[in-house]
Amino acid sequence: LPVFRGTASAQGSGLSLHLFSFGKADAFLLLTEEGAVLIDTGESGQGKEILSFLEERGISELDTLIVTHFDKDHVGGAAKVLKGIPVRRVLQSNCPRDSKEYNKYVSALVLCRIEPVTVREEFSFFLGGASFTVYPPEKETYPKDPSNNSSLAVAVRYGDTSFLFTGDAESARLKELSGADLGAFSFLQVPHHGAWETQLAA
C-alpha cells in the first residue's frame with residue numbers, strides 16, 4: 001500500500017484524495033467530478049486550514065461531512081467548516097462527548113440549520129461515479145474506549161481503486177470490521193493513528 005505523509009494526493013480518473021498534515025489529527029478530503037466529501041476535521045483551529053484549501057481549489061460546497069467520532073482531533077475543526085462553507089449532509093457517530101469541541105460542533109449545526117444523520121445502519125451514497133459506504137458500530141456503547149470503538153468506518157470505491165477509513169477504531173471495533181468481509185482495499189487509513197491493536201496485528 002502507498003504511504004502518505006503530510007498533505008498528499010492520490011489521483012485517479014475523476015477521484016482524488018487529499019490528506020491534511022495535521023500531525024496526529026485526522027482530516028481527509030475526497031474530490032469527485034460532482035462534489036467533495038470531508039471525513040473528519042482535525043483539531044480546533046485546523047478548520048481554517050481546511051477552508052483555505054477548499055477556497056484555493058474553487059470548492060464552494062461540501063456534499064457530505066462525515067464525523068467518524070467526537071474526539072477533539074477528529075471533530076475539533078467541524079464548527080469552523082460548517083460555518084465557513086455550505087454542507088449538504090452531515091453523517092455522525094452515535095457516541096457524543098462532553099467537550100468544548102463537541103459543543104461547538106452542535107452549536108454550529110443549529111446555527112446552520114443542519115440536522116445530522118446519526119448512522120446506526122449501513123449507509124451508502126454515490127457521488128461522481130464513486131460509491132461511499134458508512135459502516136456504523138454494532139453496539140450503542142462499549143465498556144472500554146466507547147468513543148474510539150464507536151468510530152464510523154467509511155469505504156470508498158471508484159473503479160479499481162478503493163479506500164478504507166477507520167477513525168480511531170480499537171480492538172472491539174476492529175474485530176467487528178475484520179469479521180464483516182469488506183473486501184480488499186488499495187488504501188488503508190491505519191486506525192487510531194497507528195496505535196498497536198491486537199486485532200489489527202492478528
# chains A, B, ... in the order shown; residues from 1 in each chain; ligands from 1
call {"tool": "residues_around", "arguments": {"residues": "Arg120 of chain A", "least_positions_apart": "6", "cutoff": "9 Å", "atoms": "only C-alpha atoms", "output": "list in words"}}
result
Ser93, Asn94, Tyr135, Pro136, Pro137, Glu138, Lys139 and Glu140 of chain A
call {"tool": "write_last_selection", "arguments": {"atoms": "C-alpha atoms", "output": "short mmCIF file (atom, residue, chain, number, x, y, z; two decimals), in the first residue's frame"}}
result
data_model
loop_
_atom_site.label_atom_id
_atom_site.label_comp_id
_atom_site.auth_asym_id
_atom_site.auth_seq_id
_atom_site.Cartn_x
_atom_site.Cartn_y
_atom_site.Cartn_z
CA SER A 93 -21.18 8.68 15.16
CA ASN A 94 -23.66 7.64 17.84
CA TYR A 135 -20.36 1.22 8.47
CA PRO A 136 -21.67 2.00 11.98
CA PRO A 137 -20.54 0.37 15.22
CA GLU A 138 -22.53 -2.74 16.05
CA LYS A 139 -23.21 -1.60 19.62
CA GLU A 140 -24.68 1.54 21.14
#
call {"tool": "residues_around", "arguments": {"residues": "segment 173-182 of chain A", "least_positions_apart": "4", "cutoff": "12 Å", "atoms": "only C-alpha atoms", "output": "ChimeraX atom specification"}}
result
/A:122,133-157,162-169,190-192,196-202
call {"tool": "write_last_selection", "arguments": {"atoms": "N, CA and C atoms", "output": "tab-separated table (two decimals), in the first residue's frame"}}
result
chain	number	residue	atom	x	y	z
A	122	GLU	N	-25.98	0.55	8.10
A	122	GLU	CA	-25.12	0.78	6.95
A	122	GLU	C	-25.74	1.83	6.02
A	133	THR	N	-19.67	3.95	1.40
A	133	THR	CA	-20.44	3.14	2.33
A	133	THR	C	-19.93	3.40	3.74
A	134	VAL	N	-20.85	3.79	4.62
A	134	VAL	CA	-20.50	4.09	6.00
A	134	VAL	C	-20.99	2.93	6.87
A	135	TYR	N	-20.05	2.36	7.62
A	135	TYR	CA	-20.36	1.22	8.47
A	135	TYR	C	-20.40	1.67	9.93
A	136	PRO	N	-21.56	1.55	10.58
A	136	PRO	CA	-21.67	2.00	11.98
A	136	PRO	C	-21.14	0.97	12.95
A	137	PRO	N	-20.88	1.36	14.19
A	137	PRO	CA	-20.54	0.37	15.22
A	137	PRO	C	-21.74	-0.55	15.45
A	138	GLU	N	-21.46	-1.76	15.86
A	138	GLU	CA	-22.53	-2.74	16.05
A	138	GLU	C	-23.24	-2.57	17.38
A	139	LYS	N	-22.63	-1.80	18.30
A	139	LYS	CA	-23.21	-1.60	19.62
A	139	LYS	C	-23.47	-0.12	19.87
A	140	GLU	N	-24.40	0.16	20.75
A	140	GLU	CA	-24.68	1.54	21.14
A	140	GLU	C	-23.57	2.10	22.01
A	141	THR	N	-22.93	1.24	22.79
A	141	THR	CA	-21.83	1.69	23.63
A	141	THR	C	-20.89	0.52	23.88
A	142	TYR	N	-19.69	0.86	24.34
A	142	TYR	CA	-18.66	-0.15	24.59
A	142	TYR	C	-18.08	0.10	25.98
A	143	PRO	N	-17.82	-0.96	26.75
A	143	PRO	CA	-17.30	-0.76	28.10
A	143	PRO	C	-15.91	-0.15	28.12
A	144	LYS	N	-15.12	-0.40	27.08
A	144	LYS	CA	-13.77	0.12	27.01
A	144	LYS	C	-13.64	1.04	25.82
A	145	ASP	N	-13.10	2.24	26.03
A	145	ASP	CA	-12.88	3.22	24.96
A	145	ASP	C	-14.12	3.41	24.09
A	146	PRO	N	-15.25	3.82	24.68
A	146	PRO	CA	-16.50	3.89	23.93
A	146	PRO	C	-16.46	4.84	22.74
A	147	SER	N	-15.76	5.97	22.86
A	147	SER	CA	-15.73	6.91	21.74
A	147	SER	C	-14.98	6.32	20.55
A	148	ASN	N	-13.77	5.84	20.78
A	148	ASN	CA	-12.98	5.27	19.69
A	148	ASN	C	-13.65	4.06	19.07
A	149	ASN	N	-14.21	3.20	19.91
A	149	ASN	CA	-14.84	1.99	19.39
A	149	ASN	C	-16.19	2.24	18.73
A	150	SER	N	-16.69	3.47	18.85
A	150	SER	CA	-17.91	3.86	18.14
A	150	SER	C	-17.59	4.54	16.80
A	151	SER	N	-16.34	4.50	16.39
A	151	SER	CA	-15.94	5.15	15.14
A	151	SER	C	-16.70	4.57	13.94
A	152	LEU	N	-17.18	5.47	13.10
A	152	LEU	CA	-17.71	5.05	11.81
A	152	LEU	C	-16.54	4.63	10.92
A	153	ALA	N	-16.72	3.58	10.14
A	153	ALA	CA	-15.77	3.21	9.09
A	153	ALA	C	-16.37	3.60	7.75
A	154	VAL	N	-15.53	4.08	6.85
A	154	VAL	CA	-16.01	4.56	5.55
A	154	VAL	C	-15.22	3.87	4.44
A	155	ALA	N	-15.94	3.18	3.56
A	155	ALA	CA	-15.32	2.56	2.39
A	155	ALA	C	-15.70	3.38	1.16
A	156	VAL	N	-14.69	3.71	0.36
A	156	VAL	CA	-14.90	4.48	-0.86
A	156	VAL	C	-14.35	3.65	-2.02
A	157	ARG	N	-15.17	3.47	-3.04
A	157	ARG	CA	-14.75	2.67	-4.19
A	157	ARG	C	-15.00	3.45	-5.48
A	162	SER	N	-9.86	1.68	-4.24
A	162	SER	CA	-10.73	1.65	-3.07
A	162	SER	C	-9.97	2.12	-1.84
A	163	PHE	N	-10.71	2.73	-0.92
A	163	PHE	CA	-10.14	3.31	0.29
A	163	PHE	C	-10.96	2.85	1.49
A	164	LEU	N	-10.28	2.64	2.59
A	164	LEU	CA	-10.98	2.34	3.84
A	164	LEU	C	-10.46	3.26	4.93
A	165	PHE	N	-11.39	4.02	5.52
A	165	PHE	CA	-11.09	4.94	6.62
A	165	PHE	C	-11.71	4.36	7.89
A	166	THR	N	-10.94	4.33	8.97
A	166	THR	CA	-11.35	3.57	10.16
A	166	THR	C	-11.45	4.40	11.43
A	167	GLY	N	-11.28	5.72	11.33
A	167	GLY	CA	-11.36	6.55	12.53
A	167	GLY	C	-10.33	6.11	13.56
A	168	ASP	N	-10.77	6.02	14.81
A	168	ASP	CA	-9.89	5.59	15.90
A	168	ASP	C	-10.31	4.22	16.42
A	169	ALA	N	-10.77	3.36	15.53
A	169	ALA	CA	-11.23	2.03	15.94
A	169	ALA	C	-10.17	1.32	16.76
A	190	VAL	N	-4.72	3.62	8.62
A	190	VAL	CA	-4.46	2.76	9.77
A	190	VAL	C	-5.21	3.32	10.97
A	191	PRO	N	-6.00	2.49	11.64
A	191	PRO	CA	-6.85	3.00	12.72
A	191	PRO	C	-6.06	3.54	13.90
A	192	HIS	N	-6.68	4.50	14.58
A	192	HIS	CA	-6.17	5.06	15.83
A	192	HIS	C	-4.73	5.54	15.68
A	196	TRP	N	-0.84	0.38	18.36
A	196	TRP	CA	-0.86	-1.07	18.31
A	196	TRP	C	-2.20	-1.60	18.83
A	197	GLU	N	-2.84	-2.44	18.03
A	197	GLU	CA	-4.08	-3.08	18.43
A	197	GLU	C	-3.95	-4.57	18.13
A	198	THR	N	-4.33	-5.39	19.08
A	198	THR	CA	-4.18	-6.84	18.90
A	198	THR	C	-4.98	-7.36	17.72
A	199	GLN	N	-6.16	-6.80	17.48
A	199	GLN	CA	-7.00	-7.28	16.39
A	199	GLN	C	-6.37	-6.96	15.04
A	200	LEU	N	-5.73	-5.79	14.94
A	200	LEU	CA	-5.08	-5.40	13.69
A	200	LEU	C	-3.85	-6.26	13.45
A	201	ALA	N	-3.16	-6.62	14.52
A	201	ALA	CA	-1.92	-7.38	14.38
A	201	ALA	C	-2.17	-8.86	14.14
A	202	ALA	N	-3.36	-9.33	14.49
A	202	ALA	CA	-3.64	-10.77	14.39
A	202	ALA	C	-3.67	-11.22	12.94
call {"tool": "select_by_dssp", "arguments": {"residues": "segment 142-194 of chain A", "states": "strand (DSSP E)", "output": "NGL selection string"}}
result
:A and (153-158 or 161-165 or 187-188)
call {"tool": "atom_distance", "arguments": {"atom1": "atom CA of Gln46 of chain A", "atom2": "atom CA of Gly129 of chain A"}}
result
29.2 Å
call {"tool": "residues_around", "arguments": {"residues": "Val81 of chain A", "least_positions_apart": "6", "cutoff": "10 Å", "atoms": "only C-alpha atoms", "output": "list of chain:residue names"}}
result
A:Leu38, A:Thr41, A:Gln46, A:Gly47, A:Lys48, A:Glu49, A:Ile50, A:Leu51, A:Leu62, A:Leu65, A:Val87, A:Tyr105, A:Ala108
call {"tool": "residues_around", "arguments": {"residues": "His74 of chain A", "least_positions_apart": "4", "cutoff": "10 Å", "atoms": "only C-alpha atoms", "output": "list in words"}}
result
Lys24, Ala25, Asp26, Ala27, Ile39, Asp40, Thr41, Gly42, Glu43, Ser44, Ile66, Val67, Thr68, His69, Phe70, Ala78, Glu101, Tyr102, Gly167 and Asp168 of chain A
call {"tool": "atom_distance", "arguments": {"atom1": "atom CA of Phe22 of chain A", "atom2": "atom CA of Leu54 of chain A"}}
result
15.8 Å
call {"tool": "residues_around", "arguments": {"residues": "Asp63 of chain A", "least_positions_apart": "2", "cutoff": "8 Å", "atoms": "only C-alpha atoms", "output": "number ranges by chain"}}
result
A: 35-37, 61, 65, 87-89
call {"tool": "closest_residue", "arguments": {"among": "A:Lys80, A:Arg57, A:Asp160, A:Ser107", "to": "Ala184 of chain A", "atoms": "only C-alpha atoms"}}
result
A:Asp160
call {"tool": "select_by_dssp", "arguments": {"residues": "chain A", "states": "alpha helix (DSSP H)", "output": "VMD selection string"}}
result
chain A and resid 47 to 56 72 to 75 78 to 84 100 to 111 146 to 149 171 to 178 198 to 201
call {"tool": "atom_distance", "arguments": {"atom1": "atom CA of Gly76 of chain A", "atom2": "atom CA of Lys100 of chain A"}}
result
8.7 Å
call {"tool": "residues_around", "arguments": {"residues": "Glu115 of chain A", "least_positions_apart": "4", "cutoff": "10 Å", "atoms": "only C-alpha atoms", "output": "ChimeraX atom specification"}}
result
/A:89-91,106,109-110
call {"tool": "write_last_selection", "arguments": {"atoms": "N, CA, C and O atoms", "output": "PDB file, in the first residue's frame"}}
result
ATOM      1  N   ARG A  89     -24.931  17.597   3.763  1.00  0.00           N
ATOM      2  CA  ARG A  89     -25.308  16.473   4.632  1.00  0.00           C
ATOM      3  C   ARG A  89     -24.189  16.210   5.624  1.00  0.00           C
ATOM      4  O   ARG A  89     -23.006  16.282   5.296  1.00  0.00           O
ATOM      5  N   VAL A  90     -24.584  15.880   6.862  1.00  0.00           N
ATOM      6  CA  VAL A  90     -23.620  15.534   7.903  1.00  0.00           C
ATOM      7  C   VAL A  90     -23.969  14.149   8.433  1.00  0.00           C
ATOM      8  O   VAL A  90     -25.105  13.894   8.847  1.00  0.00           O
ATOM      9  N   LEU A  91     -22.992  13.258   8.424  1.00  0.00           N
ATOM     10  CA  LEU A  91     -23.136  11.921   8.987  1.00  0.00           C
ATOM     11  C   LEU A  91     -22.245  11.836  10.221  1.00  0.00           C
ATOM     12  O   LEU A  91     -21.089  12.256  10.178  1.00  0.00           O
ATOM     13  N   VAL A 106     -22.050  21.056  17.773  1.00  0.00           N
ATOM     14  CA  VAL A 106     -23.512  21.014  17.884  1.00  0.00           C
ATOM     15  C   VAL A 106     -24.100  22.408  17.684  1.00  0.00           C
ATOM     16  O   VAL A 106     -25.115  22.576  16.986  1.00  0.00           O
ATOM     17  N   LEU A 109     -24.118  23.254  14.023  1.00  0.00           N
ATOM     18  CA  LEU A 109     -25.201  22.556  13.321  1.00  0.00           C
ATOM     19  C   LEU A 109     -26.514  23.314  13.478  1.00  0.00           C
ATOM     20  O   LEU A 109     -27.268  23.500  12.513  1.00  0.00           O
ATOM     21  N   VAL A 110     -26.788  23.755  14.700  1.00  0.00           N
ATOM     22  CA  VAL A 110     -28.024  24.508  14.963  1.00  0.00           C
ATOM     23  C   VAL A 110     -28.012  25.819  14.187  1.00  0.00           C
ATOM     24  O   VAL A 110     -29.004  26.193  13.541  1.00  0.00           O
TER      25      VAL A 110
END
